[in-house]
Amino acid sequence: MITLDHVSKTFESKGRTVRAVDDVSLTIGAGQLHVLIGPSGSGKTTTMRMINRLETPTAGRITVDGRDVLAMDVVELRRSIGYVIQQGGLLPHLTVAENVAMVPRLLGWQRHRRRERAEELLGLVGLPAGQFADRYPRELSGGQQQRVGVARALAADPPIVLMDEPFGAVDPITRKQLQRELRRVQAAVNKTIVFVTHDIGEAFLLGDQIALMADGRLVQNGTPADLLRRPATPFVTAFTGEDRGLRALEYTTLAEVADAAGSVPATDGDTLPGELSILEAGRELARRGETGVDGFWVSDRGGRKTGYLSYRRFAAMLGEALGPAGATAGEADGDALPA
Amino acid sequence: MLEDPFSFVEYIRENPDDFLRFLSQHVQLTLLSVLFGVVIAVPAAILASRVGLLARPLTGIASVGQTIPSLAVLGLLIPFLGIGFRPALVALTIQAFLPIFLNAYVGIRSVDRAVLDAARGMGTSGGQLLRMVELPLASPVIFAGIQTATVQNIAIATLAAYIGGGGLGDLILQGLSTLNGALLFAGAVPVAVLAITTELALGRLRRWIVPEGLRPTGS
Ligand SMILES: Nc1ncnc2c1ncn2[C@@H]1O[C@H](COP(=O)(O)OP(=O)(O)O)[C@@H](O)[C@H]1O
Ligand SMILES: [Mg+2]
């Protein structure tokens with residue numbers, strides 16, 4: 001777990017004082033992918049770089065697992081935190097495998113163990129070691145270089161990974177692919193990830209939690225559904241976009257909206273997995289057709305029926321979201337989609 | 001003095017000991033001065049890249065230093081060091097320092113910022129950053145500086161003879177003062193051959209020294 005407690009950072013540059021980060025308090029839970037999003041210059045990168053001490057806060061305190069980062073050995077701290085940047089930052093004079101094994105090398109691992117680990121991770125990020133391990137970074141495409149960057153960040157199995165717009169410089173198609181793969185990788189390794197982006201779609205796709213920043217301040221922090229359904233300020237509404245209703249359907253899961261199973265009479269009917277989004281559920285129900293019951297069951301990962309959702313409520317949610325643009329924007333308490 | 005242009009070969013054949021002594025002095029002056037130049041200039045460049053306050057004065061001195069004619073440097077040192085092999089070596093070391101320092105400084109400073117940032121973020125200590133990242137990445141530029149200094153000093157070492165430092169320049173001076181073409185060419189031709197072969201040999205060596213990942217694609 002990472003905590004930021006009233007953290008500020010000011011830069012002095014050319015006689016001007018820039019308040020890059022302004023009194024930010026934030027808790028990043030273990031195993032969560034926490035997105036920092038905001039317009040360019042809003043302080044996302046600076047906030048992230050204070051966690052591995054590439055920047056030093058001018059005020060406030062940052063802890064990792066309860067320990068003040070400023071009290072830790074800086075080199076040790078950084079070796080325990082993976083770091084991925086937009087420009088890749090691969091070492092051009094080292095092979096792909098050597099790049100991936102950089103932190104293990106700094107930690108003094110034996111050569112064959114480093115190699116084994118590098119090959120394993122290249123496989124994980126979809127770069128077959130046999131084909132890529134001994135190439136040099138300049139022989140790779142931008143997307144492949146970013147995969148190597150992700151593999152490198154994971155090499156020493158750090159509990160925390162910081163990613164600063166890791167897919168920002170690749171083409172949209174590759175970006176989509178890399179985002180999907182990061183989800184798969186995260187399901188496999190389950191790290192605490194701080195992920196900086198300015199792409200709202202990316203934030204909703206990847207984030208367990210999203211912290212929205214503007215002018216160095218934290219505007220709102222919450223789940224994707226929170227930001228969509230209970231925007232704290234008009235800025236959040238504007239930032240999450242015109243099609244936020246649709247987004248809400250895309251990023252709200254059945255498990256979040258179903259009535260608890262105990263509160264409804266047991267009936268027959270379809271059962272849908274709780275991790276489906278409302279949009280996905282709509283498609284699935286359309287495919288299955290009429291059941292003659294007034295709703296359907298929602299199950300957890302183990303297949304247990306944990307909730308029930310009536311078609312009437314389901315239809316109301318769809319109608320609300322697909323209604324005229326802006327219709328839901330004012331309803332900050334989100335009647336349409338009860339939490 | 002324009003007899004047979006190849007009469008210098010005869011001179012060398014007839015005076016092998018003299019010739020070899022001058023040649024060996026010349027090679028020593030060059031190699032030692034470049035060696036000392038590297039030993040002083042590379043750490044100085046590292047220091048300048050680390051301590052911002054030193055960067056300007058050091059690069060300024062080095063740039064201005066390069067514009068002072070070599071003969072003037074030799075002359076200016078006489079009051080302090082006298083004449084002979086050693087003052088000549090000092091003057092040549094100063095000459096070697098300049099291109100090696102400037103190249104090393106520029107080479108280290110022009111390492112991609114993103115690469116440095118990533119390497120720092122991975123937890124490299126200051127020494128590791130230098131050894132594992134900055135020096136390897138700057139090595140092509142540093143090597144080019146050493147190559148320049150070596151070839152340049154082969155030529156400048158000719159002037160050592162003016163202050164009694166020896167070297168092939170001695171033969172050239174003797175030839176000039178006695179209007180003896182054979183002597184003149186016995187000094188001048190080997191200097192030219194030495195410079196050209198060294199340039200070519202170092203060009204070869206460079207390909208071995210530059211890390212594979214930094215070489216142009218397709219090589
Ligand atoms: N090293 C620095 N020196 C001076 N100003 C900086 C420095 N780093 C960032 N800033 C300023 O701090 C603000 C926040 O920057 P940054 O954290 O990079 O924002 P973001 O990542 O959200 O685009 C910007 O105004 C930027 O110009
Ligand atoms: Mg940024």
# chains A, B, ... in the order shown; residues from 1 in each chain; ligands from 1
$ interface_residues --of "chain A" --to "chain B" --cutoff "9 Å" --atoms "only C-alpha atoms" --output "ChimeraX atom specification"
/A:49,52-54,74-95,102-103,106,135-139,153
$ select_by_dssp --residues "segment 88-143 of chain B" --states "alpha helix (DSSP H)" --output "ChimeraX atom specification"
/B:88-109,113-121,126-128,135-143
$ residues_near_ligand --ligand "ligand 1" --cutoff "10 Å" --atoms "only C-alpha atoms and all ligand atoms" --output "ChimeraX atom specification"
/A:9-14,16-21,36-50,55,164-165,196-198,213-216
$ write_last_selection --atoms "N, CA, C and O atoms" --output "compact mmCIF listing (two decimals), in the first residue's frame"
# COMPACT_ATOMS: atom_id res chain seq x y z
N LYS A 9 4.60 19.72 -4.18
CA LYS A 9 5.91 19.88 -4.80
C LYS A 9 5.93 21.18 -5.59
O LYS A 9 5.09 21.39 -6.46
N THR A 10 6.86 22.04 -5.27
CA THR A 10 7.01 23.26 -6.07
C THR A 10 8.37 23.25 -6.74
O THR A 10 9.35 22.76 -6.18
N PHE A 11 8.39 23.71 -7.97
CA PHE A 11 9.65 23.86 -8.71
C PHE A 11 9.97 25.33 -8.83
O PHE A 11 9.07 26.15 -9.02
N GLU A 12 11.25 25.66 -8.69
CA GLU A 12 11.70 27.00 -8.99
C GLU A 12 12.35 26.93 -10.36
O GLU A 12 13.33 26.21 -10.54
N SER A 13 11.77 27.62 -11.33
CA SER A 13 12.46 27.61 -12.63
C SER A 13 12.40 29.00 -13.25
O SER A 13 11.32 29.57 -13.39
N LYS A 14 13.55 29.51 -13.59
CA LYS A 14 13.71 30.84 -14.17
C LYS A 14 13.01 31.90 -13.33
O LYS A 14 12.26 32.74 -13.84
N ARG A 16 10.54 31.73 -11.56
CA ARG A 16 9.12 31.51 -11.32
C ARG A 16 8.91 30.29 -10.44
O ARG A 16 9.68 29.35 -10.51
N THR A 17 7.89 30.33 -9.61
CA THR A 17 7.58 29.19 -8.77
C THR A 17 6.40 28.43 -9.37
O THR A 17 5.35 29.03 -9.60
N VAL A 18 6.61 27.17 -9.68
CA VAL A 18 5.53 26.35 -10.23
C VAL A 18 5.07 25.37 -9.15
O VAL A 18 5.86 24.59 -8.63
N ARG A 19 3.79 25.43 -8.83
CA ARG A 19 3.23 24.49 -7.87
C ARG A 19 2.76 23.27 -8.65
O ARG A 19 1.62 23.19 -9.07
N ALA A 20 3.65 22.30 -8.83
CA ALA A 20 3.36 21.16 -9.70
C ALA A 20 2.36 20.22 -9.05
O ALA A 20 1.48 19.67 -9.70
N VAL A 21 2.52 20.00 -7.74
CA VAL A 21 1.60 19.14 -6.99
C VAL A 21 1.19 19.93 -5.75
O VAL A 21 2.03 20.48 -5.04
N LEU A 36 -3.63 7.64 -12.47
CA LEU A 36 -3.59 9.09 -12.29
C LEU A 36 -3.88 9.70 -13.65
O LEU A 36 -3.15 9.45 -14.61
N ILE A 37 -4.96 10.46 -13.72
CA ILE A 37 -5.31 11.05 -15.01
C ILE A 37 -5.52 12.54 -14.85
O ILE A 37 -5.84 13.02 -13.75
N GLY A 38 -5.35 13.27 -15.93
CA GLY A 38 -5.57 14.72 -15.90
C GLY A 38 -4.94 15.33 -17.13
O GLY A 38 -4.17 14.67 -17.83
N PRO A 39 -5.25 16.59 -17.38
CA PRO A 39 -4.67 17.26 -18.55
C PRO A 39 -3.15 17.36 -18.41
O PRO A 39 -2.61 17.19 -17.32
N SER A 40 -2.49 17.65 -19.51
CA SER A 40 -1.05 17.81 -19.50
C SER A 40 -0.64 18.92 -18.54
O SER A 40 -1.26 19.97 -18.50
N GLY A 41 0.36 18.67 -17.73
CA GLY A 41 0.83 19.68 -16.79
C GLY A 41 0.08 19.68 -15.48
O GLY A 41 0.29 20.54 -14.63
N SER A 42 -0.80 18.70 -15.27
CA SER A 42 -1.61 18.71 -14.05
C SER A 42 -0.87 18.10 -12.86
O SER A 42 -1.41 18.07 -11.76
N GLY A 43 0.34 17.58 -13.09
CA GLY A 43 1.15 17.11 -11.96
C GLY A 43 1.17 15.60 -11.78
O GLY A 43 1.67 15.11 -10.76
N LYS A 44 0.69 14.86 -12.77
CA LYS A 44 0.63 13.38 -12.66
C LYS A 44 2.03 12.78 -12.55
O LYS A 44 2.31 11.99 -11.66
N THR A 45 2.90 13.19 -13.49
CA THR A 45 4.24 12.62 -13.52
C THR A 45 4.99 12.96 -12.23
O THR A 45 5.63 12.10 -11.63
N THR A 46 4.89 14.22 -11.81
CA THR A 46 5.59 14.63 -10.59
C THR A 46 5.09 13.83 -9.39
O THR A 46 5.87 13.37 -8.56
N THR A 47 3.77 13.64 -9.30
CA THR A 47 3.21 12.85 -8.21
C THR A 47 3.81 11.45 -8.20
O THR A 47 4.26 10.94 -7.18
N MET A 48 3.85 10.83 -9.39
CA MET A 48 4.39 9.47 -9.48
C MET A 48 5.87 9.42 -9.13
O MET A 48 6.32 8.54 -8.41
N ARG A 49 6.63 10.40 -9.62
CA ARG A 49 8.08 10.38 -9.42
C ARG A 49 8.49 10.65 -7.98
O ARG A 49 9.63 10.41 -7.60
N MET A 50 7.55 11.16 -7.18
CA MET A 50 7.87 11.34 -5.77
C MET A 50 7.81 10.01 -5.03
O MET A 50 8.43 9.85 -3.98
N GLU A 55 11.73 12.62 -7.58
CA GLU A 55 11.51 13.99 -7.11
C GLU A 55 11.31 13.91 -5.60
O GLU A 55 10.82 12.90 -5.09
N ASP A 164 4.42 5.54 -16.42
CA ASP A 164 4.13 6.91 -16.85
C ASP A 164 3.80 6.94 -18.34
O ASP A 164 4.70 6.91 -19.18
N GLU A 165 2.53 7.00 -18.65
CA GLU A 165 2.05 6.97 -20.04
C GLU A 165 2.78 5.91 -20.86
O GLU A 165 3.35 6.22 -21.91
N VAL A 196 -0.04 6.38 -15.00
CA VAL A 196 -0.33 7.74 -15.44
C VAL A 196 -0.79 7.73 -16.89
O VAL A 196 -0.20 7.06 -17.74
N THR A 197 -1.87 8.44 -17.18
CA THR A 197 -2.32 8.56 -18.56
C THR A 197 -3.10 9.87 -18.71
O THR A 197 -3.52 10.46 -17.72
N HIS A 198 -3.27 10.33 -19.96
CA HIS A 198 -4.22 11.43 -20.14
C HIS A 198 -5.37 10.97 -21.03
O HIS A 198 -6.20 11.76 -21.46
N MET A 213 -6.66 14.56 -11.70
CA MET A 213 -5.92 15.74 -11.24
C MET A 213 -6.12 16.91 -12.18
O MET A 213 -6.34 16.73 -13.37
N ALA A 214 -6.04 18.11 -11.63
CA ALA A 214 -6.04 19.34 -12.43
C ALA A 214 -5.24 20.37 -11.67
O ALA A 214 -5.42 20.52 -10.46
N ASP A 215 -4.34 21.06 -12.37
CA ASP A 215 -3.52 22.11 -11.76
C ASP A 215 -2.85 21.65 -10.46
O ASP A 215 -2.81 22.40 -9.48
N GLY A 216 -2.36 20.46 -10.44
CA GLY A 216 -1.63 19.98 -9.28
C GLY A 216 -2.50 19.47 -8.14
O GLY A 216 -2.00 18.95 -7.15
$ select_by_dssp --residues "segment 183-315 of chain A" --states "strand (DSSP E)" --output "mmCIF file with N, CA and C atoms, in the first residue's frame"
data_model
loop_
_atom_site.group_PDB
_atom_site.id
_atom_site.type_symbol
_atom_site.label_atom_id
_atom_site.label_comp_id
_atom_site.auth_asym_id
_atom_site.auth_seq_id
_atom_site.Cartn_x
_atom_site.Cartn_y
_atom_site.Cartn_z
ATOM 1 N N THR A 192 0.742 -3.836 -7.340
ATOM 2 C CA THR A 192 0.203 -2.511 -7.082
ATOM 3 C C THR A 192 0.751 -1.614 -8.182
ATOM 4 N N ILE A 193 -0.132 -1.136 -9.050
ATOM 5 C CA ILE A 193 0.345 -0.367 -10.202
ATOM 6 C C ILE A 193 -0.186 1.064 -10.135
ATOM 7 N N VAL A 194 0.716 2.016 -10.257
ATOM 8 C CA VAL A 194 0.313 3.407 -10.425
ATOM 9 C C VAL A 194 0.507 3.719 -11.906
ATOM 10 N N PHE A 195 -0.567 4.122 -12.559
ATOM 11 C CA PHE A 195 -0.562 4.226 -14.008
ATOM 12 C C PHE A 195 -0.972 5.638 -14.414
ATOM 13 N N VAL A 196 -0.038 6.378 -15.000
ATOM 14 C CA VAL A 196 -0.334 7.740 -15.444
ATOM 15 C C VAL A 196 -0.795 7.726 -16.892
ATOM 16 N N THR A 197 -1.870 8.437 -17.183
ATOM 17 C CA THR A 197 -2.324 8.563 -18.564
ATOM 18 C C THR A 197 -3.098 9.872 -18.708
ATOM 19 N N GLN A 209 -9.055 1.988 -9.659
ATOM 20 C CA GLN A 209 -9.325 3.287 -9.065
ATOM 21 C C GLN A 209 -8.784 4.336 -10.025
ATOM 22 N N ILE A 210 -9.435 5.497 -10.036
ATOM 23 C CA ILE A 210 -8.963 6.595 -10.877
ATOM 24 C C ILE A 210 -8.862 7.855 -10.022
ATOM 25 N N ALA A 211 -7.690 8.485 -10.081
ATOM 26 C CA ALA A 211 -7.513 9.771 -9.417
ATOM 27 C C ALA A 211 -7.392 10.825 -10.513
ATOM 28 N N LEU A 212 -8.319 11.767 -10.504
ATOM 29 C CA LEU A 212 -8.334 12.809 -11.539
ATOM 30 C C LEU A 212 -7.675 14.069 -10.986
ATOM 31 N N MET A 213 -6.656 14.557 -11.698
ATOM 32 C CA MET A 213 -5.919 15.738 -11.237
ATOM 33 C C MET A 213 -6.118 16.914 -12.177
ATOM 34 N N ALA A 214 -6.041 18.107 -11.629
ATOM 35 C CA ALA A 214 -6.039 19.337 -12.433
ATOM 36 C C ALA A 214 -5.237 20.373 -11.674
ATOM 37 N N ARG A 217 -3.814 19.629 -8.286
ATOM 38 C CA ARG A 217 -4.699 19.202 -7.186
ATOM 39 C C ARG A 217 -5.439 17.924 -7.575
ATOM 40 N N LEU A 218 -5.796 17.150 -6.555
ATOM 41 C CA LEU A 218 -6.613 15.966 -6.759
ATOM 42 C C LEU A 218 -8.067 16.410 -6.781
ATOM 43 N N VAL A 219 -8.724 16.211 -7.925
ATOM 44 C CA VAL A 219 -10.107 16.669 -8.062
ATOM 45 C C VAL A 219 -11.080 15.607 -7.569
ATOM 46 N N GLN A 220 -10.852 14.378 -7.972
ATOM 47 C CA GLN A 220 -11.698 13.291 -7.486
ATOM 48 C C GLN A 220 -10.935 11.978 -7.551
ATOM 49 N N ASN A 221 -11.175 11.134 -6.569
ATOM 50 C CA ASN A 221 -10.563 9.817 -6.546
ATOM 51 C C ASN A 221 -11.656 8.798 -6.277
ATOM 52 N N GLY A 222 -11.717 7.774 -7.115
ATOM 53 C CA GLY A 222 -12.739 6.759 -6.896
ATOM 54 C C GLY A 222 -12.697 5.709 -7.987
ATOM 55 N N ASP A 259 -29.488 -6.607 -6.946
ATOM 56 C CA ASP A 259 -29.987 -6.672 -5.566
ATOM 57 C C ASP A 259 -29.405 -7.914 -4.923
ATOM 58 N N ALA A 260 -29.117 -7.801 -3.624
ATOM 59 C CA ALA A 260 -28.565 -8.959 -2.915
ATOM 60 C C ALA A 260 -29.527 -10.137 -3.042
ATOM 61 N N THR A 271 -28.673 -17.110 -15.523
ATOM 62 C CA THR A 271 -27.642 -16.642 -14.605
ATOM 63 C C THR A 271 -26.498 -16.050 -15.423
ATOM 64 N N LEU A 272 -26.102 -14.830 -15.064
ATOM 65 C CA LEU A 272 -24.989 -14.175 -15.771
ATOM 66 C C LEU A 272 -23.857 -13.887 -14.790
ATOM 67 N N PRO A 273 -22.612 -14.018 -15.246
ATOM 68 C CA PRO A 273 -21.480 -13.736 -14.351
ATOM 69 C C PRO A 273 -21.457 -12.261 -13.932
ATOM 70 N N GLY A 295 -36.631 -11.465 -14.509
ATOM 71 C CA GLY A 295 -35.270 -10.943 -14.326
ATOM 72 C C GLY A 295 -34.240 -12.058 -14.470
ATOM 73 N N PHE A 296 -33.019 -11.785 -14.020
ATOM 74 C CA PHE A 296 -31.991 -12.836 -14.130
ATOM 75 C C PHE A 296 -31.086 -12.795 -12.909
ATOM 76 N N TRP A 297 -30.364 -13.905 -12.693
ATOM 77 C CA TRP A 297 -29.462 -14.029 -11.558
ATOM 78 C C TRP A 297 -28.067 -13.574 -11.925
ATOM 79 N N VAL A 298 -27.386 -13.080 -10.932
ATOM 80 C CA VAL A 298 -25.998 -12.659 -11.122
ATOM 81 C C VAL A 298 -25.139 -13.541 -10.218
ATOM 82 N N SER A 299 -24.061 -14.114 -10.804
ATOM 83 C CA SER A 299 -23.246 -15.049 -10.018
ATOM 84 C C SER A 299 -21.854 -14.472 -9.762
ATOM 85 N N LYS A 305 -24.938 -17.937 -6.986
ATOM 86 C CA LYS A 305 -25.880 -16.839 -7.256
ATOM 87 C C LYS A 305 -25.818 -15.848 -6.108
ATOM 88 N N THR A 306 -25.368 -14.635 -6.392
ATOM 89 C CA THR A 306 -25.204 -13.666 -5.312
ATOM 90 C C THR A 306 -26.177 -12.498 -5.439
ATOM 91 N N GLY A 307 -26.832 -12.348 -6.569
ATOM 92 C CA GLY A 307 -27.727 -11.204 -6.729
ATOM 93 C C GLY A 307 -28.778 -11.462 -7.796
ATOM 94 N N TYR A 308 -29.747 -10.563 -7.847
ATOM 95 C CA TYR A 308 -30.842 -10.693 -8.812
ATOM 96 C C TYR A 308 -31.116 -9.323 -9.397
ATOM 97 N N LEU A 309 -31.389 -9.281 -10.689
ATOM 98 C CA LEU A 309 -31.669 -8.008 -11.342
ATOM 99 C C LEU A 309 -32.919 -8.175 -12.203
ATOM 100 N N SER A 310 -33.921 -7.310 -11.962
ATOM 101 C CA SER A 310 -35.145 -7.433 -12.772
ATOM 102 C C SER A 310 -34.922 -6.768 -14.127
#
$ residues_around --residues "Leu29 of chain B" --least-positions-apart "2" --cutoff "9 Å" --atoms "only C-alpha atoms" --output "PyMOL selection string"
chain B and resi 24-27+31-34+85+88-89+92-93+153-154+157+160+165-167
$ write_last_selection --atoms "N, CA and C atoms" --output "mmCIF file, in the first residue's frame"
data_model
loop_
_atom_site.group_PDB
_atom_site.id
_atom_site.type_symbol
_atom_site.label_atom_id
_atom_site.label_comp_id
_atom_site.auth_asym_id
_atom_site.auth_seq_id
_atom_site.Cartn_x
_atom_site.Cartn_y
_atom_site.Cartn_z
ATOM 1 N N SER B 24 61.531 5.984 -32.224
ATOM 2 C CA SER B 24 61.034 5.505 -30.934
ATOM 3 C C SER B 24 60.675 6.679 -30.017
ATOM 4 N N GLN B 25 61.484 7.756 -30.049
ATOM 5 C CA GLN B 25 61.133 8.956 -29.262
ATOM 6 C C GLN B 25 59.785 9.513 -29.720
ATOM 7 N N HIS B 26 59.609 9.521 -31.031
ATOM 8 C CA HIS B 26 58.385 10.087 -31.602
ATOM 9 C C HIS B 26 57.158 9.296 -31.152
ATOM 10 N N VAL B 27 57.284 7.972 -31.239
ATOM 11 C CA VAL B 27 56.167 7.106 -30.833
ATOM 12 C C VAL B 27 55.916 7.249 -29.332
ATOM 13 N N LEU B 31 52.397 8.286 -27.776
ATOM 14 C CA LEU B 31 51.622 7.354 -26.960
ATOM 15 C C LEU B 31 51.485 7.832 -25.513
ATOM 16 N N LEU B 32 52.615 8.275 -24.941
ATOM 17 C CA LEU B 32 52.554 8.709 -23.543
ATOM 18 C C LEU B 32 51.661 9.931 -23.378
ATOM 19 N N SER B 33 51.772 10.875 -24.309
ATOM 20 C CA SER B 33 50.958 12.087 -24.171
ATOM 21 C C SER B 33 49.471 11.762 -24.291
ATOM 22 N N VAL B 34 49.131 10.840 -25.213
ATOM 23 C CA VAL B 34 47.710 10.471 -25.349
ATOM 24 C C VAL B 34 47.248 9.715 -24.103
ATOM 25 N N PHE B 85 62.999 16.240 -23.444
ATOM 26 C CA PHE B 85 61.907 15.303 -23.693
ATOM 27 C C PHE B 85 60.701 15.582 -22.789
ATOM 28 N N ALA B 88 58.528 18.587 -23.554
ATOM 29 C CA ALA B 88 57.825 18.284 -24.804
ATOM 30 C C ALA B 88 56.636 17.377 -24.513
ATOM 31 N N LEU B 89 56.835 16.414 -23.624
ATOM 32 C CA LEU B 89 55.749 15.486 -23.272
ATOM 33 C C LEU B 89 54.603 16.239 -22.581
ATOM 34 N N LEU B 92 52.647 18.131 -25.187
ATOM 35 C CA LEU B 92 51.827 17.226 -25.994
ATOM 36 C C LEU B 92 50.640 16.694 -25.187
ATOM 37 N N THR B 93 50.848 16.492 -23.891
ATOM 38 C CA THR B 93 49.737 16.023 -23.050
ATOM 39 C C THR B 93 48.627 17.075 -23.004
ATOM 40 N N ASN B 153 48.651 14.453 -32.409
ATOM 41 C CA ASN B 153 49.919 14.496 -31.681
ATOM 42 C C ASN B 153 51.080 13.870 -32.452
ATOM 43 N N ILE B 154 50.774 12.938 -33.354
ATOM 44 C CA ILE B 154 51.851 12.429 -34.213
ATOM 45 C C ILE B 154 52.434 13.588 -35.013
ATOM 46 N N ALA B 157 54.148 16.229 -32.470
ATOM 47 C CA ALA B 157 55.397 15.725 -31.862
ATOM 48 C C ALA B 157 56.619 16.118 -32.692
ATOM 49 N N ALA B 160 58.537 18.901 -31.216
ATOM 50 C CA ALA B 160 59.302 18.676 -29.976
ATOM 51 C C ALA B 160 60.792 18.935 -30.202
ATOM 52 N N GLY B 165 63.353 17.994 -27.657
ATOM 53 C CA GLY B 165 62.578 16.840 -27.174
ATOM 54 C C GLY B 165 62.781 15.592 -28.000
ATOM 55 N N GLY B 166 63.516 15.693 -29.107
ATOM 56 C CA GLY B 166 63.756 14.528 -29.937
ATOM 57 C C GLY B 166 62.595 14.238 -30.866
ATOM 58 N N GLY B 167 62.559 13.006 -31.370
ATOM 59 C CA GLY B 167 61.516 12.616 -32.309
ATOM 60 C C GLY B 167 61.954 12.849 -33.741
#
$ atom_distance --atom1 "atom CA of Arg313 of chain A" --atom2 "atom CA of Ala203 of chain A"
27.6 Å
$ atom_distance --atom1 "atom CA of Ala101 of chain A" --atom2 "atom CA of Ile62 of chain A"
28.3 Å
$ residues_around --residues "Thr148 of chain B" --least-positions-apart "4" --cutoff "8 Å" --atoms "only C-alpha atoms" --output "ChimeraX atom specification"
/B:99,144,152
$ residues_around --residues "segment 177-190 of chain A" --least-positions-apart "5" --cutoff "8 Å" --atoms "only C-alpha atoms" --output "ChimeraX atom specification"
/A:31-32,124-125,143,147,167,202,205-206
$ write_last_selection --atoms "C-alpha atoms" --output "PDB file, in the first residue's frame"
ATOM      1  CA  GLY A  31      -2.896  -5.143  -5.775  1.00  0.00           C
ATOM      2  CA  GLN A  32      -4.822  -2.224  -7.251  1.00  0.00           C
ATOM      3  CA  LEU A 124       4.698 -13.092 -20.454  1.00  0.00           C
ATOM      4  CA  VAL A 125       4.614  -9.861 -22.493  1.00  0.00           C
ATOM      5  CA  GLY A 143       5.214  -1.271 -29.340  1.00  0.00           C
ATOM      6  CA  ARG A 147       6.615  -4.491 -23.973  1.00  0.00           C
ATOM      7  CA  PHE A 167       1.504   3.331 -24.196  1.00  0.00           C
ATOM      8  CA  GLU A 202      -7.423   3.935 -21.122  1.00  0.00           C
ATOM      9  CA  LEU A 205     -10.363   0.275 -19.265  1.00  0.00           C
ATOM     10  CA  LEU A 206      -7.500  -0.344 -16.869  1.00  0.00           C
TER      11      LEU A 206
END
$ atom_distance --atom1 "atom CA of Gly60 of chain B" --atom2 "atom CA of Arg86 of chain B"
26.6 Å
